[in-house]
Amino acid sequence: MVSKDQRQRQLAREKFLRQQQRREAARSKARTRNIVIASVLAVAVLGSGAAYAAGAFKSDDSSSKAGADASASPSPSASSTEKPEPKMTVDKKAKYTFTLKTNRGAMAIAMDAAKTPHTVNSFKHLADKGFFDKTKCHRLTTQGIYVLQCGDPEGTGAGGPGYTIPDENLKGLGKAGKDGSVTYPAGTVAMANTGQPHTGGSQFFLVYKDSKLPPSYTPFGTLDDAGLKAVQDVAKAGVAAGGQSASDGAPKKGVTITTATVTKN
């Protein structure tokens with residue numbers, strides 16, 4: 001006999017997956033549109049060789065970051081607009097700290113590169129570029145699962161770095177139960193994705209209360225006590241009006257990451 005609480009958790013997990021899939025469908029449509037636009041521009045550029053050589057069409061990383069192709073993570077499908085993941089530069093045997101300075105206080109996330117080298121390397125790469133600076137945590141969920149989602153430069157759930165990273169450490173939280181889920185304990189920090197394998201980008205979620213989810217989201221860090229308390233305080237204030245539901249949407253008590261750094265311990 002499935003209890004009411006178990007049914008609510010199951011429905012919340014299913015809703016979470018549906019939302020990720022809808023976002024991916026929207027991103028696929030946007031990518032198709034961008035490819036068409038790029039093709040048109042390519043024709044124009046071919047007729048403007050002198051201007052291109054002079055630098056008239058030179059891109060700017062700072063301006064392209066906000067419109068980067070990705071979201072809770074970018075599509076795993078091949079795309080002419082998708083970039084390769086950053087070159088590995090972190091020490092795969094070392095531990096790192098991902099520090100978020102926010103308007104709700106500092107949050108320190110412990111990361112182990114031995115368990116999640118690609119994830120740690122990506123966050124180091126992005127933090128060093130200031131990718132997360134002045135970004136908002138755009139999504140709070142307060143029923144069924146209990147997470148605050150951050151890492152989208154657009155603040156909409158549809159932004160990312162323009163590349164994907166592989167899933168890692170998916171067995172780190174134990175074997176899935178009969179319901180297909182594992183417990184992501186309070187304080188866990190994990191990668192958001194599209195619901196498909198290996199589609200992590202820059203978005204991540206902070207678990208502020210034990211939550212059952214499929215073991216499909218890379219658990220890569222642990223939030224310190226001060227950071228966990230700060231997120232729990234945000235969750236107590238609930239979701240702002242106009243969200244997807246009364247329990248899923250932008251947090252009423254907004255969270256802005258002012259700066260983010262990754263340092264080797």
# chains A, B, ... in the order shown; residues from 1 in each chain; ligands from 1
>>> closest_atom_pairs(of="stretch 196-239 of chain A", to="stretch 7-12 of chain A", cutoff="9 Å", atoms="only C-alpha atoms", output="CSV")
residue,atom,partner,partner_atom,distance
A:Ser211,CA,A:Arg9,CA,8.6
A:Lys212,CA,A:Arg9,CA,7.4
A:Leu213,CA,A:Gln10,CA,8.8
>>> residues_around(residues="A:Tyr163", least_positions_apart="4", cutoff="6 Å", atoms="only C-alpha atoms", output="number ranges by chain")
A: 82-85
>>> residues_around(residues="A:Ile109", least_positions_apart="2", cutoff="9 Å", atoms="only C-alpha atoms", output="number ranges by chain")
A: 96-100, 107, 111, 187-189, 221-224, 227
>>> write_last_selection(atoms="N, CA, C and O atoms", output="short mmCIF file (atom, residue, chain, number, x, y, z; two decimals), in the first residue's frame")
data_model
loop_
_atom_site.label_atom_id
_atom_site.label_comp_id
_atom_site.auth_asym_id
_atom_site.auth_seq_id
_atom_site.Cartn_x
_atom_site.Cartn_y
_atom_site.Cartn_z
N TYR A 96 38.79 20.26 -3.07
CA TYR A 96 38.60 21.68 -3.37
C TYR A 96 37.41 22.23 -2.60
O TYR A 96 36.54 21.48 -2.14
N THR A 97 37.38 23.55 -2.50
CA THR A 97 36.23 24.23 -1.88
C THR A 97 35.63 25.22 -2.86
O THR A 97 36.33 26.07 -3.41
N PHE A 98 34.34 25.06 -3.10
CA PHE A 98 33.57 25.95 -3.96
C PHE A 98 32.85 26.93 -3.03
O PHE A 98 31.92 26.55 -2.32
N THR A 99 33.30 28.17 -2.99
CA THR A 99 32.77 29.16 -2.06
C THR A 99 31.85 30.14 -2.78
O THR A 99 32.25 30.78 -3.75
N LEU A 100 30.63 30.22 -2.29
CA LEU A 100 29.65 31.16 -2.83
C LEU A 100 29.44 32.28 -1.83
O LEU A 100 29.05 32.03 -0.69
N MET A 107 28.55 30.53 1.61
CA MET A 107 28.28 29.09 1.58
C MET A 107 29.52 28.40 1.04
O MET A 107 30.00 28.74 -0.05
N MET A 111 34.37 19.74 -2.21
CA MET A 111 34.36 18.90 -3.40
C MET A 111 35.59 18.00 -3.41
O MET A 111 36.68 18.42 -3.00
N GLY A 187 22.21 18.92 2.65
CA GLY A 187 23.60 19.36 2.55
C GLY A 187 24.27 18.89 1.28
O GLY A 187 25.36 19.39 0.93
N THR A 188 23.65 17.95 0.56
CA THR A 188 24.22 17.47 -0.70
C THR A 188 24.10 18.55 -1.77
O THR A 188 23.10 19.26 -1.85
N VAL A 189 25.13 18.67 -2.59
CA VAL A 189 25.10 19.57 -3.74
C VAL A 189 25.28 18.70 -4.98
O VAL A 189 26.23 17.91 -5.06
N GLY A 221 29.28 17.61 -4.11
CA GLY A 221 29.74 18.43 -3.00
C GLY A 221 28.87 18.33 -1.78
O GLY A 221 27.77 17.77 -1.81
N THR A 222 29.40 18.87 -0.69
CA THR A 222 28.66 18.91 0.58
C THR A 222 28.70 20.33 1.12
O THR A 222 29.77 20.94 1.26
N LEU A 223 27.53 20.86 1.42
CA LEU A 223 27.38 22.22 1.91
C LEU A 223 27.76 22.30 3.38
O LEU A 223 27.43 21.41 4.17
N ASP A 224 28.45 23.36 3.78
CA ASP A 224 28.81 23.52 5.19
C ASP A 224 27.58 23.90 6.01
O ASP A 224 26.51 24.20 5.47
N GLY A 227 26.05 27.36 5.36
CA GLY A 227 25.37 27.42 4.07
C GLY A 227 24.04 26.68 4.09
O GLY A 227 23.05 27.16 3.55
#
>>> residues_around(residues="stretch 255-257 of chain A", least_positions_apart="6", cutoff="9 Å", atoms="only C-alpha atoms", output="CSV table (one decimal) with N, CA and C atoms, in the first residue's frame")
chain,number,residue,atom,x,y,z
A,100,LEU,N,30.6,30.2,-2.3
A,100,LEU,CA,29.7,31.2,-2.8
A,100,LEU,C,29.4,32.3,-1.8
A,101,LYS,N,29.7,33.5,-2.2
A,101,LYS,CA,29.4,34.6,-1.4
A,101,LYS,C,28.0,35.2,-1.9
A,102,THR,N,27.0,35.1,-1.1
A,102,THR,CA,25.7,35.5,-1.5
A,102,THR,C,25.1,36.6,-0.6
A,103,ASN,N,24.0,37.1,-1.0
A,103,ASN,CA,23.3,38.1,-0.2
A,103,ASN,C,22.7,37.5,1.0
A,104,ARG,N,22.7,36.2,1.2
A,104,ARG,CA,22.2,35.5,2.3
A,104,ARG,C,23.3,34.9,3.2
A,132,PHE,N,29.6,32.6,-12.5
A,132,PHE,CA,28.5,32.6,-11.5
A,132,PHE,C,28.3,34.0,-10.8
A,133,ASP,N,29.2,34.9,-11.0
A,133,ASP,CA,29.1,36.2,-10.3
A,133,ASP,C,27.8,36.9,-10.7
A,134,LYS,N,27.1,37.4,-9.8
A,134,LYS,CA,25.9,38.2,-10.0
A,134,LYS,C,24.8,37.4,-10.6
A,135,THR,N,24.7,36.1,-10.3
A,135,THR,CA,23.6,35.3,-10.8
A,135,THR,C,22.7,35.0,-9.7
A,136,LYS,N,21.4,34.6,-10.1
A,136,LYS,CA,20.4,34.3,-9.1
A,136,LYS,C,20.1,32.8,-9.0
A,137,CYS,N,19.8,32.4,-7.8
A,137,CYS,CA,19.3,31.0,-7.7
A,137,CYS,C,17.8,31.1,-8.1
A,138,HIS,N,17.4,30.4,-9.2
A,138,HIS,CA,16.2,30.7,-9.8
A,138,HIS,C,15.0,29.8,-9.4
A,150,CYS,N,20.6,26.7,-8.6
A,150,CYS,CA,21.4,27.8,-9.0
A,150,CYS,C,22.2,27.5,-10.2
A,151,GLY,N,23.1,28.5,-10.6
A,151,GLY,CA,24.0,28.2,-11.6
A,151,GLY,C,23.6,28.6,-13.1
A,231,VAL,N,20.2,28.2,3.4
A,231,VAL,CA,19.3,27.7,2.4
A,231,VAL,C,18.0,27.3,3.1
A,234,VAL,N,15.9,30.4,3.6
A,234,VAL,CA,15.3,30.8,2.3
A,234,VAL,C,14.1,29.9,2.1
>>> closest_residue(among="A:Gln232, A:Thr164, A:Asn169, A:Thr263", to="A:Pro251", atoms="only C-alpha atoms")
A:Gln232
>>> atom_distance(atom1="atom CA of A:Lys209", atom2="atom CA of A:Tyr146")
5.5 Å
>>> residues_around(residues="A:Ala237", least_positions_apart="4", cutoff="12 Å", atoms="only C-alpha atoms", output="number ranges by chain")
A: 140-142, 230-233, 241, 246-247, 250-255
>>> write_last_selection(atoms="N, CA and C atoms", output="compact mmCIF listing (two decimals), in the first residue's frame")
# COMPACT_ATOMS: atom_id res chain seq x y z
N LEU A 140 13.20 27.19 -6.35
CA LEU A 140 13.07 26.58 -5.02
C LEU A 140 11.93 25.58 -5.08
N THR A 141 12.15 24.38 -4.56
CA THR A 141 11.10 23.37 -4.49
C THR A 141 10.90 22.99 -3.03
N THR A 142 9.66 23.03 -2.57
CA THR A 142 9.38 22.85 -1.14
C THR A 142 8.44 21.69 -0.83
N ALA A 230 21.49 28.73 5.85
CA ALA A 230 21.06 29.86 5.01
C ALA A 230 20.01 29.40 3.98
N VAL A 231 20.24 28.25 3.37
CA VAL A 231 19.28 27.73 2.39
C VAL A 231 17.98 27.33 3.06
N GLN A 232 18.07 26.75 4.24
CA GLN A 232 16.86 26.38 4.98
C GLN A 232 16.04 27.61 5.34
N ASP A 233 16.70 28.71 5.68
CA ASP A 233 16.00 29.96 5.97
C ASP A 233 15.28 30.49 4.73
N ALA A 241 5.17 34.46 -5.55
CA ALA A 241 3.96 34.39 -6.36
C ALA A 241 4.34 34.37 -7.84
N ALA A 246 2.63 26.59 -6.03
CA ALA A 246 2.90 27.18 -4.71
C ALA A 246 4.13 26.58 -4.06
N SER A 247 4.61 25.45 -4.60
CA SER A 247 5.77 24.79 -4.00
C SER A 247 6.96 24.68 -4.93
N ALA A 250 10.53 30.53 -8.22
CA ALA A 250 11.57 31.40 -7.67
C ALA A 250 11.36 31.57 -6.17
N PRO A 251 12.44 31.58 -5.39
CA PRO A 251 12.27 31.76 -3.95
C PRO A 251 11.79 33.16 -3.61
N LYS A 252 10.87 33.24 -2.66
CA LYS A 252 10.36 34.53 -2.22
C LYS A 252 11.49 35.36 -1.61
N LYS A 253 12.37 34.69 -0.89
CA LYS A 253 13.54 35.32 -0.30
C LYS A 253 14.68 35.09 -1.29
N GLY A 254 14.85 36.01 -2.22
CA GLY A 254 15.79 35.82 -3.33
C GLY A 254 17.23 35.60 -2.90
N VAL A 255 17.92 34.80 -3.70
CA VAL A 255 19.33 34.50 -3.43
C VAL A 255 20.15 34.90 -4.65
>>> decode(residues="stretch 171-202 of chain A", atoms="N, CA and C atoms", output="short mmCIF file (atom, residue, chain, number, x, y, z; two decimals), in the first residue's frame")
data_model
loop_
_atom_site.label_atom_id
_atom_site.label_comp_id
_atom_site.auth_asym_id
_atom_site.auth_seq_id
_atom_site.Cartn_x
_atom_site.Cartn_y
_atom_site.Cartn_z
N LYS A 171 26.80 6.33 -8.10
CA LYS A 171 26.59 5.30 -7.09
C LYS A 171 27.04 5.76 -5.71
N GLY A 172 27.44 7.02 -5.64
CA GLY A 172 27.98 7.55 -4.40
C GLY A 172 27.00 7.64 -3.25
N LEU A 173 25.71 7.62 -3.56
CA LEU A 173 24.68 7.71 -2.51
C LEU A 173 24.01 6.36 -2.25
N GLY A 174 24.58 5.31 -2.79
CA GLY A 174 24.05 3.98 -2.55
C GLY A 174 23.20 3.45 -3.68
N LYS A 175 22.72 2.25 -3.50
CA LYS A 175 21.91 1.56 -4.51
C LYS A 175 20.47 2.05 -4.45
N ALA A 176 19.86 2.20 -5.63
CA ALA A 176 18.48 2.66 -5.69
C ALA A 176 17.54 1.64 -5.07
N GLY A 177 16.49 2.13 -4.42
CA GLY A 177 15.50 1.26 -3.82
C GLY A 177 14.51 0.75 -4.84
N LYS A 178 13.49 0.07 -4.37
CA LYS A 178 12.47 -0.49 -5.27
C LYS A 178 11.73 0.59 -6.06
N ASP A 179 11.70 1.80 -5.49
CA ASP A 179 11.02 2.90 -6.18
C ASP A 179 11.94 3.60 -7.19
N GLY A 180 13.17 3.09 -7.34
CA GLY A 180 14.09 3.66 -8.30
C GLY A 180 14.79 4.92 -7.84
N SER A 181 14.70 5.22 -6.55
CA SER A 181 15.30 6.45 -6.05
C SER A 181 16.32 6.17 -4.94
N VAL A 182 17.15 7.16 -4.67
CA VAL A 182 18.07 7.14 -3.54
C VAL A 182 17.82 8.42 -2.75
N THR A 183 18.31 8.45 -1.54
CA THR A 183 18.17 9.66 -0.73
C THR A 183 19.36 10.58 -0.95
N TYR A 184 19.08 11.79 -1.37
CA TYR A 184 20.09 12.85 -1.42
C TYR A 184 19.98 13.58 -0.08
N PRO A 185 20.94 13.34 0.83
CA PRO A 185 20.81 13.91 2.17
C PRO A 185 20.89 15.43 2.17
N ALA A 186 20.30 16.04 3.20
CA ALA A 186 20.41 17.49 3.37
C ALA A 186 21.88 17.88 3.38
N GLY A 187 22.21 18.92 2.65
CA GLY A 187 23.60 19.36 2.55
C GLY A 187 24.27 18.89 1.28
N THR A 188 23.65 17.95 0.56
CA THR A 188 24.22 17.47 -0.70
C THR A 188 24.10 18.55 -1.77
N VAL A 189 25.13 18.67 -2.59
CA VAL A 189 25.10 19.57 -3.74
C VAL A 189 25.28 18.70 -4.98
N ALA A 190 24.35 18.80 -5.93
CA ALA A 190 24.37 17.90 -7.09
C ALA A 190 24.09 18.67 -8.37
N MET A 191 24.44 18.05 -9.50
CA MET A 191 24.24 18.66 -10.80
C MET A 191 22.80 18.51 -11.27
N ALA A 192 22.25 19.58 -11.80
CA ALA A 192 20.97 19.49 -12.51
C ALA A 192 21.27 19.01 -13.92
N ASN A 193 20.26 18.44 -14.59
CA ASN A 193 20.45 18.02 -15.98
C ASN A 193 19.10 17.99 -16.69
N THR A 194 19.09 17.51 -17.91
CA THR A 194 17.87 17.51 -18.71
C THR A 194 17.02 16.27 -18.48
N GLY A 195 17.52 15.35 -17.67
CA GLY A 195 16.85 14.07 -17.50
C GLY A 195 17.48 13.00 -18.36
N GLN A 196 18.43 13.41 -19.22
CA GLN A 196 19.16 12.48 -20.07
C GLN A 196 20.59 12.34 -19.54
N PRO A 197 21.26 11.20 -19.80
CA PRO A 197 22.63 11.01 -19.31
C PRO A 197 23.61 12.03 -19.87
N HIS A 198 24.56 12.41 -19.05
CA HIS A 198 25.70 13.24 -19.46
C HIS A 198 25.27 14.58 -20.04
N THR A 199 24.31 15.23 -19.39
CA THR A 199 23.85 16.54 -19.87
C THR A 199 24.02 17.64 -18.82
N GLY A 200 24.93 17.43 -17.89
CA GLY A 200 25.20 18.47 -16.90
C GLY A 200 25.88 19.66 -17.54
N GLY A 201 25.56 20.85 -17.08
CA GLY A 201 26.18 22.08 -17.59
C GLY A 201 26.76 22.89 -16.45
N SER A 202 26.07 23.96 -16.08
CA SER A 202 26.53 24.80 -14.96
C SER A 202 25.53 24.82 -13.81
#
